[in-house]
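Accompanying notes for the structure given below.
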Amino acid sequence: MRKSIALLLALLGLFDSLYLLWIYTSPSRPMVCFGTGCDAVRLSVYSHMAGVPMPVLGAAGYLLLALLIIAESLAGPALAVELRFGLAAATGIGFLFSLYLEYLQGFVIHAFCAWCVTSGVVMTALFALAVYNVMRPGLENEPHAQLAQVRSYFVVGVAALAIGIPAFYELSVHGEAPPPPPPAPTVNTMEKLVRPDSHTTGNPQAAVTVVEFGDFECPACGREAPVFRQLRDKYANQIRFVFRQFPLIKIHPFAERMAEASECAADQGKFWEAVDKIYARQSDLSEDGLKRDARDIGLDPARFNQCMAGGTMSARVRRDREDGDALGVNSTPTFFIGRHVITDVPSLDEFSRLIETELGTQSGGLAPPPQALGQSKTSPPPTPVSPKPVTPPDTSAGNTGSFGLLGAPPGGALSDFGAGTTCSEAEAAKKQPTLISTSQLRGLMAENSKPLFVDVRPAKEYASGKIPGAINIPVDVMSGQWSSLPRDRVIVFYESGKSAGDICAAGRAAGRILLEHGYTFNNIKVYQDGLAGWQRGGL
């Protein structure tokens, strides 16, 4: 009986892996996921090993285990012992690897795929059975018991097919397809990716170009800004870096103003300094904060104020936005690396791996010939080297490559890094949480003495000061931790509240995640005055 159960488990693991493989080989296929996080996991760099989809390894592993289980029952006593130990060793390796994958989901990707978790549970059960079978071998290898075991295996196999085939069909016609990726740039659209006067830094003649379409008010862009700055330093001699404006004005009313401010800074040769400064002080997008930032980076205040008052940079910002629209950009941050597109917030190591991969295939760079390159006023002068030939991106079938969360292979689809953590105007069409002021919060607390305050800032900011009793769930991990929040309490999300211009983008994004998962409007609030408002109000 135990071996029949083991075979059934191996076939269940094989079914799980084959379904995932069917999904992975064409990311446009709809995926059924019992919970959230499946897209984040399948679009992560960890969904592939040496270019091979993880489900291939899973399917091969479970098939091997099934064959070992059957072979052990049919072998003679001496060989059966060796196969028994071999099965224990194979399931042990699978168990340890499953633990590693669960660690990645929980602590690196911050999202769990139900199919991957199921595979881990199945492998754990197989390992336990294999160890038990080594410690207490049964009598199945006796000649009189082998025929009965074969019959049992036959029943298990028939039942697996009878259930598995219709189940696979049902799964294949249901589910939710990921959003379509922005198209890879072609020869006709490359001119919209990098304009002659686009802001560039790094090596102007590099064969590989990294382009960011960013929004200065987008929390995800703010979190990624330090990473992008480190990349610029790390690959200054190998990569050409370009920044394009993509203000999402429907959800970020200050973004366009900030974009114009960075262009006015560029007029004084301080574009990249302005980018870094605005992102670093993203919590304060007020006019006073803007003028302070201008002084801090050494701009001429009178000239800067005149540029901002005249609106002379609005046309340039609009052109960047129009170019992004033409390229299919629909969220921020969006990065173009060579032929590939990323709409996520990768870490420095993950981003570096993508760049190293692209550097390894120099012909994939998007840089036009050097004589066509435009320089911003902050770009370093070109180094006199021989121009390298540039091959246009391959847009043939199967090669409209795009990276999701760190490296879905060429042909992969794009996805947000968890609902609501990247920024897109589509978010404006979703259910929106209620914004409340300090006076409204005071009334809420009078009616409900136990609201749960959730600080959506990074852990470092939370540690520096918080509303008493508040817990910390940063917005970039909310999509994987929303279920830990109670449904029967009023939940109040908040940020720093340092600026009157702070419209709680991160808090609203966190609120949208909960509303999408069935939490009621009455129980989800966003405290727009934040920690500073709490302290000023004496609550």
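Identifiers in the structure tokens: chain A, B, ... in order shown; residue index from 1 per chain; ligand index from 1 in order shown.
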
Enumerate as JSON, numbers by chain all residues of segment 159-295 of chain A assigned to helix (DSSP H, G or I) by DSSP on the backbone, naming them with the chain letters and numbers the document uses.
{"A": [159, 160, 161, 162, 163, 164, 165, 166, 167, 168, 169, 170, 171, 172, 173, 190, 191, 192, 193, 219, 220, 221, 222, 223, 224, 225, 226, 227, 228, 229, 230, 231, 232, 233, 234, 255, 256, 257, 258, 259, 260, 261, 262, 263, 264, 265, 266, 271, 272, 273, 274, 275, 276, 277, 278, 279, 280, 287, 288, 289, 290, 291, 292, 293, 294, 295]}

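Between Lys277 of chain A and the residues A:Gly538, A:Gly480, A:Gly298, A:Pro253, the shortest atom-to-atom distance, using only C-alpha atoms, involves A:Gly298.
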
Please list as an MDAnalysis selection string every residue within 9 Å of Val56 of chain A, counting only C-alpha atoms and excluding residues in the same chain fewer than 3 positions away.
chainID A and resid 17:18 20:21 52:53 59:61

Save out the residues we just selected, all heavy atoms, as an mmCIF file, in the first residue's frame.
```
data_model
loop_
_atom_site.group_PDB
_atom_site.id
_atom_site.type_symbol
_atom_site.label_atom_id
_atom_site.label_comp_id
_atom_site.auth_asym_id
_atom_site.auth_seq_id
_atom_site.Cartn_x
_atom_site.Cartn_y
_atom_site.Cartn_z
ATOM 1 N N SER A 17 4.102 19.555 -12.177
ATOM 2 C CA SER A 17 5.225 20.072 -12.972
ATOM 3 C C SER A 17 4.856 20.227 -14.434
ATOM 4 O O SER A 17 5.263 21.197 -15.091
ATOM 5 C CB SER A 17 6.429 19.138 -12.830
ATOM 6 O OG SER A 17 6.888 19.100 -11.496
ATOM 7 N N LEU A 18 4.087 19.290 -14.985
ATOM 8 C CA LEU A 18 3.694 19.384 -16.391
ATOM 9 C C LEU A 18 2.770 20.571 -16.630
ATOM 10 O O LEU A 18 2.861 21.239 -17.668
ATOM 11 C CB LEU A 18 3.016 18.086 -16.837
ATOM 12 C CG LEU A 18 3.933 16.864 -16.968
ATOM 13 C CD1 LEU A 18 3.125 15.616 -17.312
ATOM 14 C CD2 LEU A 18 5.011 17.101 -18.023
ATOM 15 N N LEU A 20 2.779 23.381 -14.849
ATOM 16 C CA LEU A 20 3.642 24.558 -14.807
ATOM 17 C C LEU A 20 4.489 24.679 -16.070
ATOM 18 O O LEU A 20 4.707 25.782 -16.577
ATOM 19 C CB LEU A 20 4.544 24.504 -13.572
ATOM 20 C CG LEU A 20 3.873 24.766 -12.223
ATOM 21 C CD1 LEU A 20 4.888 24.620 -11.097
ATOM 22 C CD2 LEU A 20 3.242 26.149 -12.184
ATOM 23 N N LEU A 21 4.957 23.558 -16.584
ATOM 24 C CA LEU A 21 5.747 23.597 -17.813
ATOM 25 C C LEU A 21 4.903 24.105 -18.973
ATOM 26 O O LEU A 21 5.374 24.880 -19.802
ATOM 27 C CB LEU A 21 6.298 22.201 -18.120
ATOM 28 C CG LEU A 21 7.173 22.086 -19.376
ATOM 29 C CD1 LEU A 21 8.376 23.010 -19.275
ATOM 30 C CD2 LEU A 21 7.613 20.645 -19.574
ATOM 31 N N VAL A 52 17.009 26.761 -18.220
ATOM 32 C CA VAL A 52 16.037 25.664 -18.257
ATOM 33 C C VAL A 52 14.914 25.971 -17.275
ATOM 34 O O VAL A 52 15.177 26.237 -16.099
ATOM 35 C CB VAL A 52 16.696 24.320 -17.893
ATOM 36 C CG1 VAL A 52 15.663 23.191 -17.893
ATOM 37 C CG2 VAL A 52 17.820 24.009 -18.870
ATOM 38 N N PRO A 53 13.642 25.943 -17.708
ATOM 39 C CA PRO A 53 12.540 26.201 -16.782
ATOM 40 C C PRO A 53 12.541 25.200 -15.632
ATOM 41 O O PRO A 53 12.767 24.000 -15.837
ATOM 42 C CB PRO A 53 11.289 26.052 -17.657
ATOM 43 C CG PRO A 53 11.767 26.240 -19.059
ATOM 44 C CD PRO A 53 13.167 25.712 -19.085
ATOM 45 N N ALA A 59 9.506 17.899 -13.566
ATOM 46 C CA ALA A 59 8.902 16.789 -14.294
ATOM 47 C C ALA A 59 9.886 15.624 -14.412
ATOM 48 O O ALA A 59 9.515 14.455 -14.214
ATOM 49 C CB ALA A 59 8.457 17.256 -15.680
ATOM 50 N N ALA A 60 11.152 15.940 -14.728
ATOM 51 C CA ALA A 60 12.160 14.882 -14.844
ATOM 52 C C ALA A 60 12.372 14.187 -13.501
ATOM 53 O O ALA A 60 12.495 12.950 -13.432
ATOM 54 C CB ALA A 60 13.474 15.478 -15.355
ATOM 55 N N GLY A 61 12.391 14.967 -12.415
ATOM 56 C CA GLY A 61 12.601 14.396 -11.094
ATOM 57 C C GLY A 61 11.465 13.479 -10.673
ATOM 58 O O GLY A 61 11.697 12.356 -10.196
#
```

What's around segment 454-460 of chain A at 8 Å? Count only C-alpha atoms, leave out sequence neighbours fewer than 5 positions away in its own chain, and write the answer as a list in words.
Lys466, Ala470, Ile471, Asn472, Ile473, Pro474, Val475, Ile491, Val492, Phe493, Tyr494, Glu495, Ser496, Ala506, Gly507 and Ala510 of chain A

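Residue nearest Asp233 of chain A, chosen from A:Ile249, A:Val121, A:Ser352, A:Ala160 and counting only C-alpha atoms: A:Ser352.
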
With a cut-off of 12 Å, could you pull out the residues of segment 200-222 of chain A touching segment 260-271 of chain A and give me the nearest pair of atoms for each, distance in Å to one decimal, using only C-alpha atoms, ordered by chain and ascending number, as a Markdown table?
```
| residue | atom | partner | partner_atom | distance |
| --- | --- | --- | --- | --- |
| A:Thr200 | CA | A:Phe271 | CA | 9.6 |
| A:Thr201 | CA | A:Phe271 | CA | 10.2 |
| A:Gly214 | CA | A:Ser262 | CA | 11.9 |
| A:Asp215 | CA | A:Ser262 | CA | 11.3 |
| A:Phe216 | CA | A:Ser262 | CA | 9.5 |
```

Skip Gly58 of chain A itself and residues of its chain fewer than 4 positions away, then list as a ChimeraX atom specification all residues within 9 Å of it, counting only C-alpha atoms.
/A:13-14,16-18,54,62-63,94,119

Let's have the selection written as a compact mmCIF listing (two decimals), in the first residue's frame, with all heavy atoms.
```txt
# COMPACT_ATOMS: atom_id res chain seq x y z
N GLY A 13 2.97 14.95 -8.33
CA GLY A 13 4.05 15.90 -8.56
C GLY A 13 4.34 16.08 -10.04
O GLY A 13 4.62 17.18 -10.51
N LEU A 14 4.26 14.97 -10.80
CA LEU A 14 4.48 15.05 -12.25
C LEU A 14 3.39 15.90 -12.90
O LEU A 14 3.69 16.73 -13.78
CB LEU A 14 4.48 13.64 -12.84
CG LEU A 14 4.70 13.53 -14.34
CD1 LEU A 14 6.07 14.09 -14.74
CD2 LEU A 14 4.59 12.07 -14.79
N ASP A 16 1.65 18.31 -11.49
CA ASP A 16 1.94 19.69 -11.08
C ASP A 16 3.02 20.30 -11.96
O ASP A 16 2.89 21.41 -12.48
CB ASP A 16 2.38 19.67 -9.62
CG ASP A 16 2.61 21.07 -9.05
OD1 ASP A 16 3.61 21.70 -9.44
OD2 ASP A 16 1.82 21.50 -8.20
N SER A 17 4.10 19.55 -12.18
CA SER A 17 5.23 20.07 -12.97
C SER A 17 4.86 20.23 -14.43
O SER A 17 5.26 21.20 -15.09
CB SER A 17 6.43 19.14 -12.83
OG SER A 17 6.89 19.10 -11.50
N LEU A 18 4.09 19.29 -14.99
CA LEU A 18 3.69 19.38 -16.39
C LEU A 18 2.77 20.57 -16.63
O LEU A 18 2.86 21.24 -17.67
CB LEU A 18 3.02 18.09 -16.84
CG LEU A 18 3.93 16.86 -16.97
CD1 LEU A 18 3.13 15.62 -17.31
CD2 LEU A 18 5.01 17.10 -18.02
N MET A 54 12.28 25.66 -14.43
CA MET A 54 12.24 24.79 -13.26
C MET A 54 11.26 23.62 -13.43
O MET A 54 11.54 22.51 -12.96
CB MET A 54 11.88 25.60 -12.01
CG MET A 54 13.04 26.38 -11.45
SD MET A 54 14.34 25.29 -10.81
CE MET A 54 15.42 26.50 -10.05
N TYR A 62 10.23 13.92 -10.86
CA TYR A 62 9.09 13.08 -10.46
C TYR A 62 8.97 11.84 -11.35
O TYR A 62 8.58 10.77 -10.87
CB TYR A 62 7.80 13.90 -10.51
CG TYR A 62 7.66 14.83 -9.34
CD1 TYR A 62 7.64 16.22 -9.52
CD2 TYR A 62 7.55 14.34 -8.03
CE1 TYR A 62 7.51 17.09 -8.44
CE2 TYR A 62 7.43 15.20 -6.95
CZ TYR A 62 7.41 16.58 -7.15
OH TYR A 62 7.30 17.42 -6.08
N LEU A 63 9.30 11.97 -12.63
CA LEU A 63 9.28 10.81 -13.50
C LEU A 63 10.32 9.78 -13.05
O LEU A 63 10.05 8.57 -13.00
CB LEU A 63 9.54 11.23 -14.95
CG LEU A 63 9.52 10.10 -15.99
CD1 LEU A 63 8.17 9.40 -16.00
CD2 LEU A 63 9.87 10.66 -17.37
N GLY A 94 15.60 16.02 -3.53
CA GLY A 94 14.42 16.78 -3.91
C GLY A 94 13.84 17.56 -2.74
O GLY A 94 13.40 18.71 -2.90
N SER A 119 4.11 21.23 -4.81
CA SER A 119 5.23 20.38 -5.17
C SER A 119 6.13 20.13 -3.97
O SER A 119 6.61 19.00 -3.76
CB SER A 119 6.03 21.02 -6.31
OG SER A 119 7.15 20.23 -6.65
```

Using only C-alpha atoms, the residue out of A:Phe85, A:Trp534, A:Phe112, A:Trp482 with shortest distance to Ile513 of chain A is A:Trp482

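Picture a line from atom CA of Leu171 of chain A to atom CA of Trp115 of chain A; it runs 12.2 Å.
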
Neighbours of Thr361 of chain A within 10 Å (only C-alpha atoms; same-chain residues fewer than 6 positions away dropped), as a list in words?
Ala207, Val208, Gly338 and Ile355 of chain A

So that I have them on file, write out the residues from the current selection with N, CA and C atoms, as a CSV table (one decimal), in the first residue's frame.
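After the write, selection-v3.csv holds the following:
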```csv
chain,number,residue,atom,x,y,z
A,207,ALA,N,27.8,49.3,-26.7
A,207,ALA,CA,26.9,48.5,-27.5
A,207,ALA,C,25.6,48.2,-26.8
A,208,VAL,N,25.5,48.4,-25.5
A,208,VAL,CA,24.3,48.1,-24.7
A,208,VAL,C,23.8,49.3,-24.1
A,338,GLY,N,19.0,46.5,-23.7
A,338,GLY,CA,19.2,45.8,-25.0
A,338,GLY,C,17.8,45.6,-25.7
A,355,ILE,N,22.3,42.6,-16.8
A,355,ILE,CA,23.2,43.4,-17.6
A,355,ILE,C,24.4,42.6,-18.1
```

Find the residues near Lys431 of chain A: any atom within 9 Å, counting only C-alpha atoms, skip ones fewer than 6 places away on the same chain, and give them as a ChimeraX atom specification.
/A:511-512,515-516,521

Once you have the residues from the selection above, write them out as a PDB file, in the first residue's frame, restricted to N, CA, C and O atoms.
```
ATOM      1  N   GLY A 511      -3.826  49.712   0.061  1.00  0.00           N
ATOM      2  CA  GLY A 511      -5.272  49.598   0.224  1.00  0.00           C
ATOM      3  C   GLY A 511      -5.937  48.913  -0.955  1.00  0.00           C
ATOM      4  O   GLY A 511      -6.868  48.118  -0.776  1.00  0.00           O
ATOM      5  N   ARG A 512      -5.458  49.212  -2.162  1.00  0.00           N
ATOM      6  CA  ARG A 512      -6.041  48.569  -3.353  1.00  0.00           C
ATOM      7  C   ARG A 512      -5.841  47.061  -3.322  1.00  0.00           C
ATOM      8  O   ARG A 512      -6.700  46.298  -3.759  1.00  0.00           O
ATOM      9  N   LEU A 515      -8.475  45.624  -1.028  1.00  0.00           N
ATOM     10  CA  LEU A 515      -9.810  45.718  -1.623  1.00  0.00           C
ATOM     11  C   LEU A 515      -9.995  44.688  -2.731  1.00  0.00           C
ATOM     12  O   LEU A 515     -11.090  44.132  -2.893  1.00  0.00           O
ATOM     13  N   GLU A 516      -8.930  44.429  -3.486  1.00  0.00           N
ATOM     14  CA  GLU A 516      -9.026  43.430  -4.540  1.00  0.00           C
ATOM     15  C   GLU A 516      -9.195  42.021  -3.987  1.00  0.00           C
ATOM     16  O   GLU A 516      -9.640  41.118  -4.692  1.00  0.00           O
ATOM     17  N   PHE A 521     -14.811  48.212   2.005  1.00  0.00           N
ATOM     18  CA  PHE A 521     -14.418  49.614   1.949  1.00  0.00           C
ATOM     19  C   PHE A 521     -14.420  50.239   3.336  1.00  0.00           C
ATOM     20  O   PHE A 521     -13.557  51.055   3.672  1.00  0.00           O
TER      21      PHE A 521
END
```

Please report the interatomic distance between atom CA of Thr118 of chain A and atom CA of Ala80 of chain A in Å with one decimal.
29.0 Å

Considering only C-alpha atoms, state which residue in the set A:Gly164, A:Pro333, A:Pro301, A:Gly289 is at the smallest distance from Phe213 of chain A.
A:Pro333

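Here atom CA of Ala6 of chain A is placed at a distance of 10.0 Å from atom CA of Met123 of chain A.
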
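Here the question is which of A:Ile163, A:Ala274, A:Leu193, A:Ala309 gets nearest to Arg295 of chain A using only C-alpha atoms, and that residue is A:Ala274.
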
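Between Glu217 of chain A and the candidates A:Val108, A:Ala236, A:Leu248, A:Ala90, the tightest atom-to-atom separation, counting only C-alpha atoms, involves A:Leu248.
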
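Per DSSP on the backbone, strand (DSSP E) in segment 208-239 of chain A comprises Thr209, Val210, Val211, Glu212, Phe213 and Gly214 of chain A.
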
Write to file, as a short mmCIF file (atom, residue, chain, number, x, y, z; two decimals), in the first residue's frame, the residues of the selection just made, with all heavy atoms.
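Output saved as result.cif:
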```cif
data_model
loop_
_atom_site.label_atom_id
_atom_site.label_comp_id
_atom_site.auth_asym_id
_atom_site.auth_seq_id
_atom_site.Cartn_x
_atom_site.Cartn_y
_atom_site.Cartn_z
N THR A 209 22.54 49.59 -24.20
CA THR A 209 21.92 50.76 -23.58
C THR A 209 20.86 50.32 -22.60
O THR A 209 20.08 49.41 -22.88
CB THR A 209 21.29 51.66 -24.67
OG1 THR A 209 22.31 52.17 -25.51
CG2 THR A 209 20.53 52.82 -24.04
N VAL A 210 20.82 50.97 -21.44
CA VAL A 210 19.77 50.74 -20.45
C VAL A 210 18.94 52.02 -20.36
O VAL A 210 19.48 53.08 -20.05
CB VAL A 210 20.35 50.38 -19.07
CG1 VAL A 210 19.24 50.25 -18.04
CG2 VAL A 210 21.16 49.09 -19.15
N VAL A 211 17.66 51.91 -20.66
CA VAL A 211 16.77 53.06 -20.66
C VAL A 211 15.72 52.88 -19.57
O VAL A 211 15.09 51.83 -19.51
CB VAL A 211 16.08 53.23 -22.02
CG1 VAL A 211 15.18 54.47 -22.01
CG2 VAL A 211 17.10 53.32 -23.14
N GLU A 212 15.55 53.89 -18.74
CA GLU A 212 14.47 53.87 -17.73
C GLU A 212 13.40 54.88 -18.10
O GLU A 212 13.70 56.03 -18.38
CB GLU A 212 15.00 54.20 -16.34
CG GLU A 212 13.87 54.27 -15.30
CD GLU A 212 14.29 54.77 -13.93
OE1 GLU A 212 15.48 55.10 -13.77
OE2 GLU A 212 13.43 54.85 -13.05
N PHE A 213 12.15 54.45 -18.10
CA PHE A 213 11.01 55.35 -18.13
C PHE A 213 10.52 55.45 -16.69
O PHE A 213 10.06 54.45 -16.12
CB PHE A 213 9.92 54.84 -19.06
CG PHE A 213 10.19 55.11 -20.51
CD1 PHE A 213 10.99 54.26 -21.25
CD2 PHE A 213 9.67 56.24 -21.13
CE1 PHE A 213 11.26 54.50 -22.59
CE2 PHE A 213 9.93 56.50 -22.46
CZ PHE A 213 10.73 55.63 -23.20
N GLY A 214 10.63 56.64 -16.09
CA GLY A 214 10.34 56.77 -14.68
C GLY A 214 9.36 57.88 -14.35
O GLY A 214 9.13 58.80 -15.15
#
```
